[in-house]
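Novice: Mind looking over this structure? Questions follow.
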Amino acid sequence: KTVLTSTRKFAGGAMQRLLDDAPKKGYKVYQWCIWETIEKLPTEQAKIDEIRHEFAGELPADIHKADGYYTWRDALQKKRSPMEAETWAVEWRCRKPGTQGTVYGNNYSDDNNNIGDWSPVGKPGHIFLFEDFGASDDHPDVVLFVWIPITFDRMVVFDELYMRRYGTDQIWSAVADKMLKYGYEMPDVLAGKQGTIEGWIPDYHGLTEIMDRQRKGAPMTAQLKQGDLYIVENGIKMVGGFLQSGRIMITANCPDLRAELMGDYRYMKNADGTYSRTPLKKNDHGVDALRIGTIQVHTRLTAAIMRQLEIKYQDKHPESGPVQPAEIVGKDPLPSPYTPKTGEVGDAPITGGMLNKRW
C-alpha cells in the first residue's frame, strides 16, 4: 500500500487538495483527532458534567469507549486557553482550515502559485534578490531569490534564506553560496565583477545595511518616489493581485515563505472577535521581502502583462486597430490580468505553463 500521512494546516495546501480529490481518485481517508487519543471518562459525575458542558456538541456519541492516554485535565486546559477557535478546530479537531484572519489566505494556493521542483538554470531571465533585514531569532534576515523571464510578466521565487544572528559578512557569504548552487555569480567591487544579480531590493529603512552591501558591489535599487506604495496595506493589495493571477510562483525550496503566505501571516484580532486590517508583526519576514520587491518591479510587470493582452486582443480582433488597456480588460474571452488561474489567454493555468516544455 502507498500511505500518505500529514497534518492539515492550510486551506489551500497540498494535503487539503489530496483530501478534496480522494473520492474521485478512490483514496481511502483515515483521520483522527483528540478524541482518538483521550483517556477514559472519569467516574465522578461532576467531572463528567464539566466535560460535557465544556465540549458541548463536540463529543462523539461513543466517547464512553475512549481508552487513550491524553488526560481530560490537559484537554480542558487547552480548550480554555486563549487559542483561537479556528486553531482548536484545525489542530485538535482535524477540521478543514479556513482563511479567516490570514493576510494572503484567499490569494495564495498550491494550485495557483506552487510549481514544485522548478529551477531557473538554463532559462533566460533576470535575477533579483528581495531582502528584509533582521538578525534575531524572531526576526531573521530574509533573502528571496527571484527569477523574472525576459518577457517580464511574472516572478518566480526559486529559493530563500532565513538567517538568524548573522552579520553582514555571514549574510553575504550565505547568499553567495546559494547563488553558486545555480551557477550565478555575486558582484565583487574590488575585482570589478558585476555579477549575475540585476537588482538587490532591500527594506529601505535599513540604511546601514544598504550601504554595507553597496560597498561590496551589490546593485541596490533606489527607493521609488511614490511613497504611498510602501504603505503596508497598499503593498498587500498589490502582492495579493499578482498572487491571485498566478503571476507570483514559488518553488518547493521556499517552505518558510509558503507557510507565511498560506496562513502564518495574519491580521490582528479585535476584542469583539473581528479582524483589523493591520497585520501582526509576526511571521512577516519573507512576505515583507516579497512585498517590497513586488512594489519595486510592479510597473514593469504590469506594463508587460497589459501589452500581452493588447497583442492577443488585436490578433483576435484585427479590425479593432490599436486599443488601450482599459478597453480590453475584463472583456470576454480576455480576462483581467488579475484573474485566478489565468496565465495566458486560451492556455492552461500558469502553473501548468511553468511545468511544461513551453517554459
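By order of appearance in the C-alpha cells: chains A, B, ..., then residues from 1 within every chain, and ligands from 1 in the order shown.
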Fewer than 3 positions away in the same chain doesn't count, so skip those; otherwise give me all residues within 8 Å of range 289-302 of chain A, counting only C-alpha atoms, as a PyMOL selection string.
Specialist: chain A and resi 129-132+142-144+152-154+201-203+223-224+229-230+235-236+238-239+285-286+305-306
Novice: Just list as a compact mmCIF listing (two decimals) with all heavy atoms, in the first residue's frame whatever in range 92-136 of chain A DSSP marks as strand (DSSP E or B).
Specialist:
```txt
# COMPACT_ATOMS: atom_id res chain seq x y z
N THR A 102 -6.26 35.42 7.89
CA THR A 102 -4.98 35.32 7.19
C THR A 102 -4.88 36.46 6.18
O THR A 102 -5.86 36.86 5.57
CB THR A 102 -4.83 33.98 6.47
OG1 THR A 102 -5.82 33.88 5.43
CG2 THR A 102 -4.99 32.82 7.44
N ASN A 114 2.23 27.35 -6.58
CA ASN A 114 3.30 26.42 -6.25
C ASN A 114 3.73 25.66 -7.51
O ASN A 114 2.91 25.05 -8.17
CB ASN A 114 2.82 25.43 -5.18
CG ASN A 114 3.86 24.36 -4.89
OD1 ASN A 114 5.05 24.59 -5.02
ND2 ASN A 114 3.39 23.19 -4.49
N ILE A 115 5.03 25.70 -7.83
CA ILE A 115 5.49 24.99 -9.02
C ILE A 115 6.49 23.89 -8.69
O ILE A 115 7.21 23.41 -9.56
CB ILE A 115 6.09 25.95 -10.07
CG1 ILE A 115 7.23 26.77 -9.49
CG2 ILE A 115 5.03 26.85 -10.63
CD1 ILE A 115 7.96 27.58 -10.55
N GLY A 116 6.55 23.51 -7.41
CA GLY A 116 7.34 22.34 -7.05
C GLY A 116 8.81 22.45 -7.36
O GLY A 116 9.47 23.44 -7.06
N GLY A 125 16.49 35.00 -18.34
CA GLY A 125 15.69 35.86 -17.48
C GLY A 125 16.57 36.74 -16.62
O GLY A 125 17.79 36.81 -16.79
N HIS A 126 15.93 37.42 -15.68
CA HIS A 126 16.61 38.36 -14.79
C HIS A 126 16.61 37.82 -13.36
O HIS A 126 15.60 37.25 -12.92
CB HIS A 126 15.90 39.71 -14.81
CG HIS A 126 15.59 40.21 -16.19
ND1 HIS A 126 16.50 40.89 -16.96
CD2 HIS A 126 14.46 40.10 -16.95
CE1 HIS A 126 15.95 41.20 -18.12
NE2 HIS A 126 14.72 40.73 -18.14
N ILE A 127 17.71 37.99 -12.64
CA ILE A 127 17.80 37.55 -11.26
C ILE A 127 17.75 38.76 -10.34
O ILE A 127 18.54 39.70 -10.46
CB ILE A 127 19.11 36.77 -11.00
CG1 ILE A 127 19.19 35.56 -11.93
CG2 ILE A 127 19.20 36.35 -9.54
CD1 ILE A 127 18.06 34.56 -11.76
N PHE A 128 16.79 38.72 -9.41
CA PHE A 128 16.66 39.76 -8.39
C PHE A 128 16.74 39.12 -7.01
O PHE A 128 16.36 37.95 -6.83
CB PHE A 128 15.30 40.47 -8.51
CG PHE A 128 15.21 41.45 -9.65
CD1 PHE A 128 14.93 41.01 -10.94
CD2 PHE A 128 15.40 42.81 -9.44
CE1 PHE A 128 14.84 41.90 -12.00
CE2 PHE A 128 15.31 43.71 -10.50
CZ PHE A 128 15.03 43.26 -11.77
N LEU A 129 17.23 39.88 -6.04
CA LEU A 129 17.18 39.49 -4.64
C LEU A 129 16.28 40.46 -3.90
O LEU A 129 16.41 41.68 -4.06
CB LEU A 129 18.57 39.50 -4.01
CG LEU A 129 19.64 38.60 -4.64
CD1 LEU A 129 20.92 38.65 -3.81
CD2 LEU A 129 19.16 37.16 -4.77
N PHE A 130 15.33 39.92 -3.12
CA PHE A 130 14.47 40.74 -2.25
C PHE A 130 14.91 40.46 -0.82
O PHE A 130 14.98 39.30 -0.41
CB PHE A 130 13.00 40.35 -2.39
CG PHE A 130 12.42 40.49 -3.78
CD1 PHE A 130 11.18 39.95 -4.06
CD2 PHE A 130 13.09 41.17 -4.79
CE1 PHE A 130 10.61 40.06 -5.32
CE2 PHE A 130 12.54 41.30 -6.06
CZ PHE A 130 11.30 40.74 -6.33
N GLU A 131 15.19 41.50 -0.03
CA GLU A 131 15.71 41.28 1.32
C GLU A 131 14.95 42.09 2.37
O GLU A 131 14.70 43.28 2.20
CB GLU A 131 17.19 41.63 1.40
CG GLU A 131 17.79 41.35 2.78
CD GLU A 131 19.30 41.56 2.85
OE1 GLU A 131 19.85 42.18 1.91
OE2 GLU A 131 19.93 41.10 3.83
N ASP A 132 14.58 41.42 3.45
CA ASP A 132 14.05 42.06 4.65
C ASP A 132 15.09 41.92 5.74
O ASP A 132 15.44 40.81 6.13
CB ASP A 132 12.73 41.40 5.09
CG ASP A 132 12.13 42.07 6.31
OD1 ASP A 132 11.97 43.31 6.28
OD2 ASP A 132 11.83 41.37 7.30
```
Novice: If you measure from CA of Val103 in chain A to CA of Asp264 in chain A, what distance in Å do you get, rounded to one decimal?
Specialist: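 Distance reported for this atom pair: 8.7 Å.
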Novice: Compile the contact shell of Phe55 in chain A as a PyMOL selection string: residues with an atom at most 12 Å away, counting only C-alpha atoms, same-chain residues fewer than 3 positions apart removed.
Specialist: chain A and resi 34-35+48-52+58-60+63+72+75-80+88-89+93
Novice: Between A:Ala191, A:Ala176, A:Leu261, A:Val232, single out the one closest to Gln244 in chain A, counting only C-alpha atoms.
Specialist: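 The shortest atom-to-atom distance to Gln244 in chain A comes from A:Leu261.
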Novice: Quote the spacing between CA of Lys216 in chain A and CA of Thr251 in chain A in Å to one decimal place.
Specialist: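 Separation between CA of Lys216 in chain A and CA of Thr251 in chain A: 28.7 Å.
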Novice: I'd like the interatomic distance between CA of Ile171 in chain A and CA of Gly192 in chain A, to a tenth of an Å.
Specialist: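 Result for CA of Ile171 in chain A versus CA of Gly192 in chain A: 20.7 Å, one decimal.
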Novice: Excluding Tyr104 in chain A and its own-chain neighbours fewer than 2 positions away, which residues fall within 9 Å of it when counting only C-alpha atoms? Please give them as a PyMOL selection string.
Specialist: chain A and resi 99+102+106-108+236+239-240+243+260-263+265-266
Novice: Identify, on the basis of only C-alpha atoms, every residue whose closest approach to Pro219 in chain A does not exceed 9 Å; exclude the query and any residue fewer than 6 positions from it along the same chain; express the result as a list of chain:residue names.
Specialist: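 The filter keeps A:Pro187, A:Gln194, A:Ile197, A:Glu198, A:Gly199, A:Trp200, A:Ile201, A:Arg213.
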Novice: Enumerate, as a ChimeraX atom specification, the complete set of residues in range 7-55 of chain A that a backbone-based DSSP assignment places in alpha helix (DSSP H).
Specialist: /A:14-25,34-37,45-54
Novice: Filtering to N, CA and C atoms, could you give me those residues as a PDB file, in the first residue's frame?
Specialist:
```
ATOM      1  N   ALA A  14      -1.329  21.301   0.116  1.00  0.00           N
ATOM      2  CA  ALA A  14      -1.267  20.051  -0.651  1.00  0.00           C
ATOM      3  C   ALA A  14      -2.143  18.969  -0.025  1.00  0.00           C
ATOM      4  N   MET A  15      -2.179  18.886   1.313  1.00  0.00           N
ATOM      5  CA  MET A  15      -2.968  17.847   1.972  1.00  0.00           C
ATOM      6  C   MET A  15      -4.457  18.066   1.740  1.00  0.00           C
ATOM      7  N   GLN A  16      -4.899  19.325   1.801  1.00  0.00           N
ATOM      8  CA  GLN A  16      -6.316  19.597   1.563  1.00  0.00           C
ATOM      9  C   GLN A  16      -6.690  19.243   0.130  1.00  0.00           C
ATOM     10  N   ARG A  17      -5.792  19.495  -0.799  1.00  0.00           N
ATOM     11  CA  ARG A  17      -6.066  19.157  -2.200  1.00  0.00           C
ATOM     12  C   ARG A  17      -6.194  17.642  -2.369  1.00  0.00           C
ATOM     13  N   LEU A  18      -5.333  16.896  -1.688  1.00  0.00           N
ATOM     14  CA  LEU A  18      -5.428  15.434  -1.742  1.00  0.00           C
ATOM     15  C   LEU A  18      -6.760  14.956  -1.174  1.00  0.00           C
ATOM     16  N   LEU A  19      -7.190  15.556  -0.065  1.00  0.00           N
ATOM     17  CA  LEU A  19      -8.458  15.164   0.544  1.00  0.00           C
ATOM     18  C   LEU A  19      -9.631  15.503  -0.372  1.00  0.00           C
ATOM     19  N   ASP A  20      -9.552  16.651  -1.037  1.00  0.00           N
ATOM     20  CA  ASP A  20     -10.625  17.030  -1.956  1.00  0.00           C
ATOM     21  C   ASP A  20     -10.704  16.074  -3.144  1.00  0.00           C
ATOM     22  N   ASP A  21      -9.549  15.567  -3.583  1.00  0.00           N
ATOM     23  CA  ASP A  21      -9.504  14.670  -4.744  1.00  0.00           C
ATOM     24  C   ASP A  21      -9.740  13.209  -4.375  1.00  0.00           C
ATOM     25  N   ALA A  22      -9.725  12.895  -3.087  1.00  0.00           N
ATOM     26  CA  ALA A  22      -9.787  11.496  -2.648  1.00  0.00           C
ATOM     27  C   ALA A  22     -10.984  10.726  -3.205  1.00  0.00           C
ATOM     28  N   PRO A  23     -12.208  11.279  -3.173  1.00  0.00           N
ATOM     29  CA  PRO A  23     -13.362  10.492  -3.653  1.00  0.00           C
ATOM     30  C   PRO A  23     -13.238  10.073  -5.119  1.00  0.00           C
ATOM     31  N   LYS A  24     -12.825  10.993  -5.987  1.00  0.00           N
ATOM     32  CA  LYS A  24     -12.771  10.645  -7.405  1.00  0.00           C
ATOM     33  C   LYS A  24     -11.555   9.789  -7.740  1.00  0.00           C
ATOM     34  N   LYS A  25     -10.526   9.813  -6.900  1.00  0.00           N
ATOM     35  CA  LYS A  25      -9.340   9.003  -7.154  1.00  0.00           C
ATOM     36  C   LYS A  25      -9.364   7.672  -6.418  1.00  0.00           C
ATOM     37  N   ILE A  34      -8.263  14.627  18.648  1.00  0.00           N
ATOM     38  CA  ILE A  34      -8.049  14.479  20.094  1.00  0.00           C
ATOM     39  C   ILE A  34      -8.880  13.339  20.682  1.00  0.00           C
ATOM     40  N   TRP A  35     -10.080  13.086  20.112  1.00  0.00           N
ATOM     41  CA  TRP A  35     -10.951  12.076  20.715  1.00  0.00           C
ATOM     42  C   TRP A  35     -10.411  10.653  20.533  1.00  0.00           C
ATOM     43  N   GLU A  36      -9.558  10.431  19.553  1.00  0.00           N
ATOM     44  CA  GLU A  36      -8.962   9.091  19.392  1.00  0.00           C
ATOM     45  C   GLU A  36      -7.865   8.827  20.409  1.00  0.00           C
ATOM     46  N   THR A  37      -7.369   9.880  21.048  1.00  0.00           N
ATOM     47  CA  THR A  37      -6.243   9.694  21.976  1.00  0.00           C
ATOM     48  C   THR A  37      -6.609  10.036  23.417  1.00  0.00           C
ATOM     49  N   GLN A  45     -19.424  11.902  38.570  1.00  0.00           N
ATOM     50  CA  GLN A  45     -20.437  12.525  37.729  1.00  0.00           C
ATOM     51  C   GLN A  45     -20.180  14.018  37.543  1.00  0.00           C
ATOM     52  N   ALA A  46     -19.662  14.681  38.563  1.00  0.00           N
ATOM     53  CA  ALA A  46     -19.403  16.127  38.466  1.00  0.00           C
ATOM     54  C   ALA A  46     -18.362  16.428  37.381  1.00  0.00           C
ATOM     55  N   LYS A  47     -17.336  15.589  37.290  1.00  0.00           N
ATOM     56  CA  LYS A  47     -16.301  15.786  36.270  1.00  0.00           C
ATOM     57  C   LYS A  47     -16.833  15.481  34.878  1.00  0.00           C
ATOM     58  N   ILE A  48     -17.694  14.450  34.794  1.00  0.00           N
ATOM     59  CA  ILE A  48     -18.309  14.125  33.505  1.00  0.00           C
ATOM     60  C   ILE A  48     -19.177  15.294  33.041  1.00  0.00           C
ATOM     61  N   ASP A  49     -19.938  15.885  33.971  1.00  0.00           N
ATOM     62  CA  ASP A  49     -20.790  17.021  33.648  1.00  0.00           C
ATOM     63  C   ASP A  49     -19.952  18.211  33.177  1.00  0.00           C
ATOM     64  N   GLU A  50     -18.809  18.418  33.832  1.00  0.00           N
ATOM     65  CA  GLU A  50     -17.913  19.521  33.447  1.00  0.00           C
ATOM     66  C   GLU A  50     -17.402  19.318  32.020  1.00  0.00           C
ATOM     67  N   ILE A  51     -17.031  18.087  31.704  1.00  0.00           N
ATOM     68  CA  ILE A  51     -16.520  17.772  30.360  1.00  0.00           C
ATOM     69  C   ILE A  51     -17.606  17.978  29.316  1.00  0.00           C
ATOM     70  N   ARG A  52     -18.795  17.463  29.591  1.00  0.00           N
ATOM     71  CA  ARG A  52     -19.887  17.579  28.626  1.00  0.00           C
ATOM     72  C   ARG A  52     -20.311  19.043  28.446  1.00  0.00           C
ATOM     73  N   HIS A  53     -20.213  19.827  29.488  1.00  0.00           N
ATOM     74  CA  HIS A  53     -20.558  21.249  29.379  1.00  0.00           C
ATOM     75  C   HIS A  53     -19.507  21.986  28.543  1.00  0.00           C
ATOM     76  N   GLU A  54     -18.220  21.722  28.801  1.00  0.00           N
ATOM     77  CA  GLU A  54     -17.147  22.440  28.102  1.00  0.00           C
ATOM     78  C   GLU A  54     -17.089  22.068  26.625  1.00  0.00           C
TER      79      GLU A  54
END
```
Novice: With only C-alpha atoms as the basis for distance, which of A:Leu207, A:Ala218, A:Cys254, A:Ala85 is at the shortest distance from Leu161 in chain A?
Specialist: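 With only C-alpha atoms as the atom set, the closest residue is A:Cys254.
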